[in-house]
file work-v5.cif (mmCIF, C-alpha atoms)
data_final
#
loop_
_atom_site.group_PDB
_atom_site.id
_atom_site.type_symbol
_atom_site.label_atom_id
_atom_site.label_comp_id
_atom_site.auth_asym_id
_atom_site.auth_seq_id
_atom_site.Cartn_x
_atom_site.Cartn_y
_atom_site.Cartn_z
ATOM 1 C CA MET A 25 24.781 54.078 -24.520
ATOM 2 C CA TYR A 26 22.931 51.729 -22.214
ATOM 3 C CA PRO A 27 19.244 52.439 -21.688
ATOM 4 C CA SER A 28 18.488 53.796 -18.244
ATOM 5 C CA VAL A 29 16.418 51.629 -15.919
ATOM 6 C CA THR A 30 13.994 53.048 -13.390
ATOM 7 C CA PHE A 31 13.464 50.670 -10.476
ATOM 8 C CA PRO A 32 9.927 50.668 -9.119
ATOM 9 C CA ARG A 33 9.449 51.406 -5.439
ATOM 10 C CA GLN A 34 6.480 49.052 -5.349
ATOM 11 C CA VAL A 35 5.018 46.432 -7.686
ATOM 12 C CA LYS A 36 1.598 44.894 -8.243
ATOM 13 C CA ILE A 37 0.765 41.355 -7.097
ATOM 14 C CA GLY A 38 1.070 39.984 -10.637
ATOM 15 C CA ASP A 39 4.592 41.346 -11.019
ATOM 16 C CA ALA A 40 5.534 40.108 -7.533
ATOM 17 C CA ALA A 41 4.279 36.625 -8.369
ATOM 18 C CA ALA A 42 6.089 36.549 -11.713
ATOM 19 C CA PHE A 43 9.396 37.599 -10.159
ATOM 20 C CA ALA A 44 9.135 35.096 -7.283
ATOM 21 C CA GLY A 45 8.082 32.241 -9.559
ATOM 22 C CA THR A 46 4.654 31.719 -8.054
ATOM 23 C CA THR A 47 1.075 32.834 -8.641
ATOM 24 C CA PRO A 48 -1.084 35.644 -7.296
ATOM 25 C CA ARG A 49 -3.368 33.006 -5.841
ATOM 26 C CA ALA A 50 -0.480 31.526 -3.838
ATOM 27 C CA ILE A 51 0.504 34.957 -2.558
ATOM 28 C CA ARG A 52 -3.063 35.619 -1.432
ATOM 29 C CA HIS A 53 -2.983 32.289 0.427
ATOM 30 C CA TYR A 54 0.248 33.343 2.149
ATOM 31 C CA HIS A 55 -1.595 36.451 3.300
ATOM 32 C CA GLN A 56 -4.565 34.459 4.593
ATOM 33 C CA ILE A 57 -2.437 32.166 6.752
ATOM 34 C CA GLY A 58 -0.271 34.958 8.063
ATOM 35 C CA LEU A 59 2.902 33.820 6.358
ATOM 36 C CA LEU A 60 3.310 36.991 4.323
ATOM 37 C CA PRO A 61 2.170 40.331 5.759
ATOM 38 C CA GLU A 62 -0.528 41.870 3.618
ATOM 39 C CA PRO A 63 0.608 45.260 2.330
ATOM 40 C CA GLU A 64 -1.660 48.248 2.327
ATOM 41 C CA ARG A 65 -3.619 48.940 -0.814
ATOM 42 C CA GLY A 66 -2.869 51.916 -2.976
ATOM 43 C CA GLY A 67 -5.241 54.568 -4.150
ATOM 44 C CA ASP A 68 -6.533 52.246 -6.861
ATOM 45 C CA GLY A 69 -7.418 49.590 -4.262
ATOM 46 C CA ARG A 70 -4.645 47.228 -5.345
ATOM 47 C CA ARG A 71 -1.892 45.799 -3.169
ATOM 48 C CA ARG A 72 1.610 47.128 -3.692
ATOM 49 C CA TYR A 73 4.687 45.123 -2.687
ATOM 50 C CA ASP A 74 7.907 46.822 -1.661
ATOM 51 C CA TYR A 75 11.463 45.511 -1.308
ATOM 52 C CA ASP A 76 10.930 43.938 2.132
ATOM 53 C CA ASP A 77 7.779 42.181 0.951
ATOM 54 C CA MET A 78 9.639 40.733 -2.004
ATOM 55 C CA ILE A 79 12.527 39.551 0.150
ATOM 56 C CA ARG A 80 10.086 37.757 2.444
ATOM 57 C CA LEU A 81 8.294 36.247 -0.550
ATOM 58 C CA LEU A 82 11.543 35.013 -2.064
ATOM 59 C CA TRP A 83 12.530 33.307 1.201
ATOM 60 C CA VAL A 84 9.104 31.701 1.374
ATOM 61 C CA ARG A 85 9.579 30.299 -2.117
ATOM 62 C CA LYS A 86 13.069 29.000 -1.284
ATOM 63 C CA MET A 87 11.771 27.229 1.814
ATOM 64 C CA ALA A 88 8.868 25.774 -0.151
ATOM 65 C CA GLU A 89 11.308 24.375 -2.716
ATOM 66 C CA ALA A 90 13.227 22.745 0.149
ATOM 67 C CA GLY A 91 10.027 21.050 1.296
ATOM 68 C CA ILE A 92 9.444 23.051 4.448
ATOM 69 C CA SER A 93 5.748 23.180 5.303
ATOM 70 C CA LEU A 94 3.848 26.444 5.462
ATOM 71 C CA ASP A 95 3.206 25.989 9.187
ATOM 72 C CA ASP A 96 6.917 25.501 9.826
ATOM 73 C CA MET A 97 7.718 28.572 7.751
ATOM 74 C CA ARG A 98 5.344 30.696 9.774
ATOM 75 C CA ALA A 99 6.761 29.395 13.044
ATOM 76 C CA ALA A 100 10.301 30.036 11.835
ATOM 77 C CA PHE A 101 9.503 33.610 10.815
ATOM 78 C CA ASP A 102 7.778 34.242 14.126
ATOM 79 C CA GLY A 103 10.665 32.752 16.054
ATOM 80 C CA ALA A 104 8.295 30.295 17.734
ATOM 81 C CA ARG A 105 10.293 27.306 16.600
ATOM 82 C CA ASP A 106 13.993 26.723 16.248
ATOM 83 C CA ILE A 107 15.015 26.303 12.626
ATOM 84 C CA GLU A 108 17.181 23.308 13.547
ATOM 85 C CA GLU A 109 14.118 21.549 14.926
ATOM 86 C CA THR A 110 12.238 22.278 11.724
ATOM 87 C CA LEU A 111 15.074 21.031 9.543
ATOM 88 C CA GLY A 112 15.448 17.898 11.650
ATOM 89 C CA ARG A 113 11.799 17.004 11.198
ATOM 90 C CA LEU A 114 12.038 17.845 7.498
ATOM 91 C CA GLU A 115 15.006 15.514 7.091
ATOM 92 C CA GLU A 116 13.047 12.710 8.750
ATOM 93 C CA THR A 117 10.126 13.338 6.405
ATOM 94 C CA LEU A 118 12.370 13.333 3.346
ATOM 95 C CA ALA A 119 14.015 10.099 4.488
ATOM 96 C CA ALA A 120 10.581 8.480 4.805
ATOM 97 C CA GLN A 121 9.614 9.768 1.364
ATOM 98 C CA GLU A 122 12.873 8.429 -0.056
ATOM 99 C CA ALA A 123 12.126 5.009 1.414
ATOM 100 C CA ASP A 124 8.632 5.124 -0.094
ATOM 101 C CA ILE A 125 10.052 6.008 -3.497
ATOM 102 C CA LYS A 126 12.552 3.153 -3.201
ATOM 103 C CA ARG A 127 9.738 0.687 -2.502
ATOM 104 C CA GLN A 128 7.641 2.107 -5.333
ATOM 105 C CA ARG A 129 10.508 1.776 -7.793
ATOM 106 C CA ALA A 130 11.124 -1.786 -6.663
ATOM 107 C CA ALA A 131 7.437 -2.584 -7.206
ATOM 108 C CA VAL A 132 7.515 -1.072 -10.702
ATOM 109 C CA GLN A 133 10.661 -3.027 -11.553
ATOM 110 C CA ARG A 134 9.054 -6.256 -10.337
ATOM 111 C CA LEU A 135 5.919 -5.495 -12.322
ATOM 112 C CA ARG A 136 7.936 -4.911 -15.494
ATOM 113 C CA ALA A 137 10.051 -8.020 -14.945
ATOM 114 C CA VAL A 138 7.123 -10.321 -14.186
ATOM 115 C CA GLY A 139 4.758 -8.785 -16.704
ATOM 116 C CA SER A 140 1.617 -9.464 -14.655
ATOM 117 C CA PRO A 141 -0.159 -8.123 -11.553
ATOM 118 C CA LEU A 142 1.916 -10.628 -9.560
ATOM 119 C CA GLY A 143 4.667 -8.005 -9.631
ATOM 120 C CA LEU A 144 2.531 -5.686 -7.513
ATOM 121 C CA LEU A 145 2.665 -8.084 -4.588
ATOM 122 C CA SER A 146 5.609 -8.069 -2.196
ATOM 123 C CA GLN A 147 8.988 -9.311 -3.335
ATOM 124 C CA LEU A 148 8.730 -12.277 -0.990
ATOM 125 C CA VAL A 149 5.612 -13.484 -2.821
ATOM 126 C CA THR A 150 6.807 -12.540 -6.293
ATOM 127 C CA ASP A 151 10.094 -14.400 -5.891
ATOM 128 C CA ARG A 152 8.268 -17.604 -4.934
ATOM 129 C CA LEU A 153 6.021 -17.584 -7.982
ATOM 130 C CA SER A 154 7.960 -15.812 -10.718
ATOM 131 C CA HIS A 155 9.419 -19.126 -11.980
ATOM 132 C CA LEU A 156 5.989 -20.421 -12.970
ATOM 133 C CA PRO A 157 5.166 -20.345 -16.697
ATOM 134 C CA PRO A 158 2.826 -17.639 -18.040
ATOM 135 C CA GLY A 159 -0.801 -18.436 -17.382
ATOM 136 C CA ALA A 160 -0.016 -20.887 -14.567
ATOM 137 C CA LEU A 161 -1.536 -18.517 -12.045
ATOM 138 C CA ARG A 162 -5.187 -17.652 -12.413
ATOM 139 C CA PRO A 163 -6.673 -14.241 -11.589
ATOM 140 C CA SER A 164 -8.473 -15.825 -8.641
ATOM 141 C CA ASP A 165 -5.117 -17.090 -7.337
ATOM 142 C CA LEU A 166 -3.683 -13.580 -7.408
ATOM 143 C CA ASP A 167 -6.845 -12.234 -5.767
ATOM 144 C CA ALA A 168 -6.443 -14.712 -2.911
ATOM 145 C CA LEU A 169 -2.781 -13.779 -2.451
ATOM 146 C CA LEU A 170 -3.685 -10.091 -2.480
ATOM 147 C CA VAL A 171 -6.197 -10.550 0.348
ATOM 148 C CA THR A 172 -3.866 -12.789 2.347
ATOM 149 C CA GLU A 173 -1.015 -10.298 2.031
ATOM 150 C CA ARG A 174 -3.285 -7.528 3.257
ATOM 151 C CA ILE A 175 -4.364 -9.502 6.329
ATOM 152 C CA PHE A 176 -1.303 -11.585 7.216
ATOM 153 C CA GLY A 177 1.479 -9.695 5.460
ATOM 154 C CA PRO A 178 4.036 -10.811 2.855
ATOM 155 C CA LEU A 179 5.139 -13.819 4.876
ATOM 156 C CA GLY A 180 1.602 -15.193 5.162
ATOM 157 C CA ALA A 181 1.007 -14.743 1.431
ATOM 158 C CA ALA A 182 4.367 -16.297 0.573
ATOM 159 C CA VAL A 183 3.473 -19.384 2.607
ATOM 160 C CA GLN A 184 0.070 -19.558 0.918
ATOM 161 C CA ALA A 185 1.862 -19.422 -2.438
ATOM 162 C CA SER A 186 2.883 -23.056 -1.900
ATOM 163 C CA VAL A 187 -0.689 -24.077 -2.688
ATOM 164 C CA PHE A 188 -0.659 -22.260 -6.009
ATOM 165 C CA ILE A 189 2.759 -23.670 -6.906
ATOM 166 C CA VAL A 190 1.390 -27.185 -6.461
ATOM 167 C CA LEU A 191 -1.829 -26.402 -8.314
ATOM 168 C CA ALA A 192 0.189 -24.970 -11.203
ATOM 169 C CA THR A 193 2.347 -28.083 -11.452
ATOM 170 C CA HIS A 194 -0.246 -30.800 -10.745
ATOM 171 C CA PRO A 195 -3.070 -30.717 -13.319
ATOM 172 C CA ASP A 196 -5.045 -33.353 -11.423
ATOM 173 C CA LEU A 197 -5.069 -31.268 -8.245
ATOM 174 C CA ARG A 198 -5.966 -28.156 -10.230
ATOM 175 C CA ALA A 199 -8.889 -29.975 -11.840
ATOM 176 C CA ASP A 200 -10.041 -31.168 -8.432
ATOM 177 C CA ALA A 201 -9.770 -27.624 -7.055
ATOM 178 C CA ASP A 202 -11.840 -26.301 -9.964
ATOM 179 C CA ARG A 203 -14.491 -28.937 -9.327
ATOM 180 C CA LEU A 204 -14.662 -28.018 -5.630
ATOM 181 C CA ASP A 205 -14.849 -24.306 -6.458
ATOM 182 C CA ALA A 206 -17.813 -24.950 -8.742
ATOM 183 C CA ALA A 207 -19.483 -27.025 -6.036
ATOM 184 C CA ASP A 208 -18.947 -24.214 -3.536
ATOM 185 C CA VAL A 209 -20.622 -21.739 -5.864
ATOM 186 C CA ALA A 210 -23.572 -24.122 -6.190
ATOM 187 C CA LEU A 211 -24.136 -23.826 -2.435
ATOM 188 C CA ASP A 212 -26.251 -20.734 -2.872
ATOM 189 C CA ASP A 213 -29.020 -19.383 -0.654
ATOM 190 C CA SER A 214 -31.440 -21.999 -1.989
ATOM 191 C CA VAL A 215 -29.478 -24.819 -0.352
ATOM 192 C CA ASP A 216 -30.355 -25.806 3.201
ATOM 193 C CA PRO A 217 -27.252 -25.607 5.441
ATOM 194 C CA HIS A 218 -28.059 -29.125 6.699
ATOM 195 C CA ASP A 219 -28.388 -30.623 3.238
ATOM 196 C CA PRO A 220 -26.307 -33.849 3.083
ATOM 197 C CA ARG A 221 -24.384 -32.368 0.154
ATOM 198 C CA VAL A 222 -22.835 -29.834 2.504
ATOM 199 C CA GLU A 223 -21.203 -32.512 4.659
ATOM 200 C CA GLU A 224 -20.130 -34.477 1.585
ATOM 201 C CA LEU A 225 -18.470 -31.411 0.093
ATOM 202 C CA ALA A 226 -16.716 -30.634 3.382
ATOM 203 C CA ALA A 227 -15.259 -34.151 3.396
ATOM 204 C CA GLN A 228 -14.067 -33.647 -0.184
ATOM 205 C CA HIS A 229 -12.434 -30.335 0.753
ATOM 206 C CA CYS A 230 -10.655 -32.056 3.616
ATOM 207 C CA ALA A 231 -9.382 -34.811 1.337
ATOM 208 C CA HIS A 232 -8.244 -32.248 -1.240
ATOM 209 C CA HIS A 233 -6.380 -30.289 1.422
ATOM 210 C CA LYS A 234 -4.533 -33.416 2.549
ATOM 211 C CA ALA A 235 -3.621 -34.194 -1.054
ATOM 212 C CA LEU A 236 -2.222 -30.664 -1.418
ATOM 213 C CA VAL A 237 -0.128 -31.063 1.720
ATOM 214 C CA GLN A 238 1.229 -34.380 0.493
ATOM 215 C CA ALA A 239 2.154 -32.850 -2.866
ATOM 216 C CA ILE A 240 3.822 -29.897 -1.145
ATOM 217 C CA GLU A 241 5.958 -32.258 0.913
ATOM 218 C CA ALA A 242 6.697 -34.616 -2.003
ATOM 219 C CA ASP A 243 7.832 -31.745 -4.227
ATOM 220 C CA GLY A 244 9.979 -30.200 -1.496
ATOM 221 C CA VAL A 245 7.946 -27.012 -1.536
ATOM 222 C CA ASP A 246 7.725 -27.145 2.256
ATOM 223 C CA ALA A 247 11.510 -26.802 2.472
ATOM 224 C CA ALA A 248 11.225 -23.507 0.617
ATOM 225 C CA GLU A 249 8.640 -22.407 3.169
ATOM 226 C CA GLU A 250 11.140 -22.912 5.985
ATOM 227 C CA LYS A 251 13.629 -20.648 4.238
ATOM 228 C CA LEU A 252 11.008 -17.912 4.100
ATOM 229 C CA PHE A 253 11.300 -17.390 7.838
ATOM 230 C CA GLU A 254 15.064 -17.012 7.489
ATOM 231 C CA ILE A 255 14.946 -14.349 4.770
ATOM 232 C CA TYR A 256 12.007 -12.451 6.225
ATOM 233 C CA ASP A 257 14.261 -9.841 7.787
ATOM 234 C CA ALA A 258 13.790 -6.193 8.683
ATOM 235 C CA ASP A 259 14.174 -5.016 5.094
ATOM 236 C CA LEU A 260 11.294 -7.127 3.854
ATOM 237 C CA ALA A 261 9.257 -6.378 6.948
ATOM 238 C CA GLY A 262 9.517 -2.709 5.999
ATOM 239 C CA GLU A 263 7.323 -3.376 2.989
ATOM 240 C CA GLU A 264 4.342 -4.027 5.198
ATOM 241 C CA ASP A 265 1.602 -1.494 5.645
ATOM 242 C CA ALA A 266 0.372 -0.604 9.085
ATOM 243 C CA ARG A 267 -2.406 -3.141 9.388
ATOM 244 C CA MET A 268 -5.281 -3.838 11.700
ATOM 245 C CA SER A 269 -5.448 -7.137 13.520
ATOM 246 C CA ALA A 270 -6.102 -10.237 11.420
ATOM 247 C CA PHE A 271 -9.412 -10.846 13.179
ATOM 248 C CA GLU A 272 -10.604 -7.288 12.543
ATOM 249 C CA ALA A 273 -9.440 -7.425 8.930
ATOM 250 C CA VAL A 274 -11.313 -10.647 8.253
ATOM 251 C CA THR A 275 -14.530 -9.111 9.560
ATOM 252 C CA LYS A 276 -14.142 -6.190 7.146
ATOM 253 C CA MET A 277 -13.580 -8.250 3.976
ATOM 254 C CA PRO A 278 -16.981 -8.849 2.358
ATOM 255 C CA TYR A 279 -17.827 -12.266 0.942
ATOM 256 C CA GLU A 280 -21.214 -13.313 -0.404
ATOM 257 C CA PHE A 281 -21.229 -16.705 1.293
ATOM 258 C CA SER A 282 -24.556 -18.416 1.758
ATOM 259 C CA PRO A 283 -25.389 -20.121 5.081
ATOM 260 C CA ALA A 284 -24.803 -23.491 3.408
ATOM 261 C CA ARG A 285 -21.366 -22.466 2.203
ATOM 262 C CA MET A 286 -20.470 -21.039 5.604
ATOM 263 C CA ARG A 287 -21.427 -24.359 7.234
ATOM 264 C CA CYS A 288 -19.360 -26.223 4.659
ATOM 265 C CA MET A 289 -16.335 -24.107 5.573
ATOM 266 C CA GLU A 290 -16.921 -24.688 9.281
ATOM 267 C CA LEU A 291 -17.268 -28.442 8.798
ATOM 268 C CA THR A 292 -14.109 -28.528 6.683
ATOM 269 C CA ALA A 293 -12.183 -26.730 9.439
ATOM 270 C CA GLU A 294 -13.521 -29.167 12.022
ATOM 271 C CA LEU A 295 -12.519 -32.181 9.914
ATOM 272 C CA LEU A 296 -9.022 -30.813 9.386
ATOM 273 C CA ALA A 297 -8.636 -30.100 13.093
ATOM 274 C CA GLN A 298 -9.803 -33.604 13.937
ATOM 275 C CA ASP A 299 -7.400 -35.060 11.383
ATOM 276 C CA ASP A 300 -4.521 -33.155 12.998
ATOM 277 C CA GLN A 301 -5.450 -34.592 16.391
ATOM 278 C CA ASP A 302 -5.609 -38.124 15.010
ATOM 279 C CA THR A 303 -2.258 -37.829 13.237
ATOM 280 C CA PRO A 304 0.600 -39.099 15.465
ATOM 281 C CA ASP A 305 3.406 -36.646 16.210
ATOM 282 C CA ASP A 306 6.597 -37.659 14.391
ATOM 283 C CA SER A 307 8.654 -36.277 17.227
#

call {"tool": "encode", "arguments": {"input": "work-v5.cif", "output": "structure tokens"}}
result
Amino acid sequence: MYPSVTFPRQVKIGDAAAFAGTTPRAIRHYHQIGLLPEPERGGDGRRRYDYDDMIRLLWVRKMAEAGISLDDMRAAFDGARDIEETLGRLEETLAAQEADIKRQRAAVQRLRAVGSPLGLLSQLVTDRLSHLPPGALRPSDLDALLVTERIFGPLGAAVQASVFIVLATHPDLRADADRLDAADVALDDSVDPHDPRVEELAAQHCAHHKALVQAIEADGVDAAEEKLFEIYDADLAGEEDARMSAFEAVTKMPYEFSPARMRCMELTAELLAQDDQDTPDDS
């Protein structure tokens, strides 16, 4: 014979939680936000849940598994919001989450394929630099690309990558860049901004920049830059974060530049601008 089963008319919160696949703490939260009516307490001071309570709790759990927010659940139960409206907004949210997951998986795949932090940058940047041999890019190079991508987006960083391609393939230019970097660091707070060394270093930076541009053109790297604008379509643009303006972003990125180094940068920019004005237009 089969053993007889006596169905309870009411159950305690622990049994209700176990049956619904949740926790007593979650059920208490449902009570607090008005999602699940709080049943009256029995003579022992404990809540007792009947059939209707359990049905409501089970529907709450099903909606939670579908990703419906607690606020939307409450509105749906109260009839304050059409369920179709709720499901429409939920579908939009899930689509956005799916797109995020797709981008995250692509980033992980790039990271695994490249085997360095370069893979964490956008595909546009990674594709331009992934052909370089291991160790060709320095941590400071990746740091610069990271900041540029944050301010100017993947396209800006991909264009900047031309400099690091040339530096990685021209040891003489890399050595010159290292020398200039060391000289920049030497322009600490003890150096007067009007020290003659500041102007000399600015002139050297200008000459180095022109040498980089010449190497970029000689190696055909500039042709690859032009193609970047062709492939920078809506799919790649979707990788961008919502960013502040470039001017605002620059003002929020901290650099410990001394007054002398700041003047050197300003003088370098002025020299480059003057050089552009003096260069005849090929057109």

call {"tool": "closest_residue", "arguments": {"input": "work-v5.cif", "among": "A:Thr46, A:Ser140, A:Gln34, A:Thr110", "to": "Asp74 of chain A", "atoms": "only C-alpha atoms"}}
result
A:Gln34

call {"tool": "atom_distance", "arguments": {"input": "work-v5.cif", "atom1": "atom CA of Asp219 of chain A", "atom2": "atom CA of Leu296 of chain A"}}
result
20.3 Å

call {"tool": "resolve_selection", "arguments": {"input": "work-v5.cif", "expression": "the PyMOL selection byres ((chain A and resi 243) around 12)", "output": "MDAnalysis selection string"}}
result
chainID A and resid 186:187 189:191 193:194 236:242 244:249

call {"tool": "closest_residue", "arguments": {"input": "work-v5.cif", "among": "A:Asp167, A:Cys288, A:Pro283, A:Ser269", "to": "Ala227 of chain A", "atoms": "only C-alpha atoms"}}
result
A:Cys288

call {"tool": "resolve_selection", "arguments": {"input": "work-v5.cif", "expression": "the PyMOL selection byres ((chain A and resi 198) around 12)", "output": "list in words"}}
result
Ala160, Leu161, Arg162, Asp165, Val187, Phe188, Ile189, Val190, Leu191, Ala192, Thr193, His194, Pro195, Asp196, Leu197, Ala199, Asp200, Ala201, Asp202, Arg203, Leu204, Asp205, His232, His233, Ala235, Leu236 and Ala239 of chain A

call {"tool": "closest_residue", "arguments": {"input": "work-v5.cif", "among": "A:Val222, A:Phe101, A:Gly38, A:Met87", "to": "Leu60 of chain A", "atoms": "all atoms listed in the file"}}
result
A:Phe101

call {"tool": "resolve_selection", "arguments": {"input": "work-v5.cif", "expression": "the PyMOL selection byres ((chain A and resi 52) around 12)", "output": "CSV table (one decimal) with C-alpha atoms, keeping the file's coordinate frame"}}
result
chain,number,residue,atom,x,y,z
A,37,ILE,CA,0.8,41.4,-7.1
A,38,GLY,CA,1.1,40.0,-10.6
A,40,ALA,CA,5.5,40.1,-7.5
A,41,ALA,CA,4.3,36.6,-8.4
A,46,THR,CA,4.7,31.7,-8.1
A,47,THR,CA,1.1,32.8,-8.6
A,48,PRO,CA,-1.1,35.6,-7.3
A,49,ARG,CA,-3.4,33.0,-5.8
A,50,ALA,CA,-0.5,31.5,-3.8
A,51,ILE,CA,0.5,35.0,-2.6
A,53,HIS,CA,-3.0,32.3,0.4
A,54,TYR,CA,0.2,33.3,2.1
A,55,HIS,CA,-1.6,36.5,3.3
A,56,GLN,CA,-4.6,34.5,4.6
A,57,ILE,CA,-2.4,32.2,6.8
A,58,GLY,CA,-0.3,35.0,8.1
A,59,LEU,CA,2.9,33.8,6.4
A,60,LEU,CA,3.3,37.0,4.3
A,61,PRO,CA,2.2,40.3,5.8
A,62,GLU,CA,-0.5,41.9,3.6
A,63,PRO,CA,0.6,45.3,2.3
A,71,ARG,CA,-1.9,45.8,-3.2
A,81,LEU,CA,8.3,36.2,-0.6

call {"tool": "residues_around", "arguments": {"input": "work-v5.cif", "residues": "Pro163 of chain A", "least_positions_apart": "4", "cutoff": "12 Å", "atoms": "all atoms listed in the file", "output": "ChimeraX atom specification"}}
result
/A:140-142,158-159,167-170,188

call {"tool": "atom_distance", "arguments": {"input": "work-v5.cif", "atom1": "atom CA of Trp83 of chain A", "atom2": "atom CA of Phe43 of chain A"}}
result
12.5 Å

call {"tool": "atom_distance", "arguments": {"input": "work-v5.cif", "atom1": "atom CA of Leu148 of chain A", "atom2": "atom CA of Arg136 of chain A"}}
result
16.3 Å

call {"tool": "residues_around", "arguments": {"input": "work-v5.cif", "residues": "Arg129 of chain A", "least_positions_apart": "6", "cutoff": "12 Å", "atoms": "all atoms listed in the file", "output": "list in words"}}
result
Glu122, Ala123, Leu135, Arg136, Gly143 and Leu144 of chain A

call {"tool": "write_last_selection", "arguments": {"input": "work-v5.cif", "atoms": "C-alpha atoms", "output": "short mmCIF file (atom, residue, chain, number, x, y, z; two decimals), in the coordinates of the input"}}
result
data_model
loop_
_atom_site.label_atom_id
_atom_site.label_comp_id
_atom_site.auth_asym_id
_atom_site.auth_seq_id
_atom_site.Cartn_x
_atom_site.Cartn_y
_atom_site.Cartn_z
CA GLU A 122 12.87 8.43 -0.06
CA ALA A 123 12.13 5.01 1.41
CA LEU A 135 5.92 -5.50 -12.32
CA ARG A 136 7.94 -4.91 -15.49
CA GLY A 143 4.67 -8.01 -9.63
CA LEU A 144 2.53 -5.69 -7.51
#

call {"tool": "closest_residue", "arguments": {"input": "work-v5.cif", "among": "A:Leu211, A:Cys230, A:Ala182, A:Leu252", "to": "Ala284 of chain A", "atoms": "only C-alpha atoms"}}
result
A:Leu211

call {"tool": "closest_residue", "arguments": {"input": "work-v5.cif", "among": "A:Thr117, A:Ser164, A:Gln147, A:Ser214", "to": "Ser93 of chain A", "atoms": "only C-alpha atoms"}}
result
A:Thr117

call {"tool": "closest_residue", "arguments": {"input": "work-v5.cif", "among": "A:Val149, A:Met97, A:Ala293, A:Ala44", "to": "Leu82 of chain A", "atoms": "only C-alpha atoms"}}
result
A:Ala44
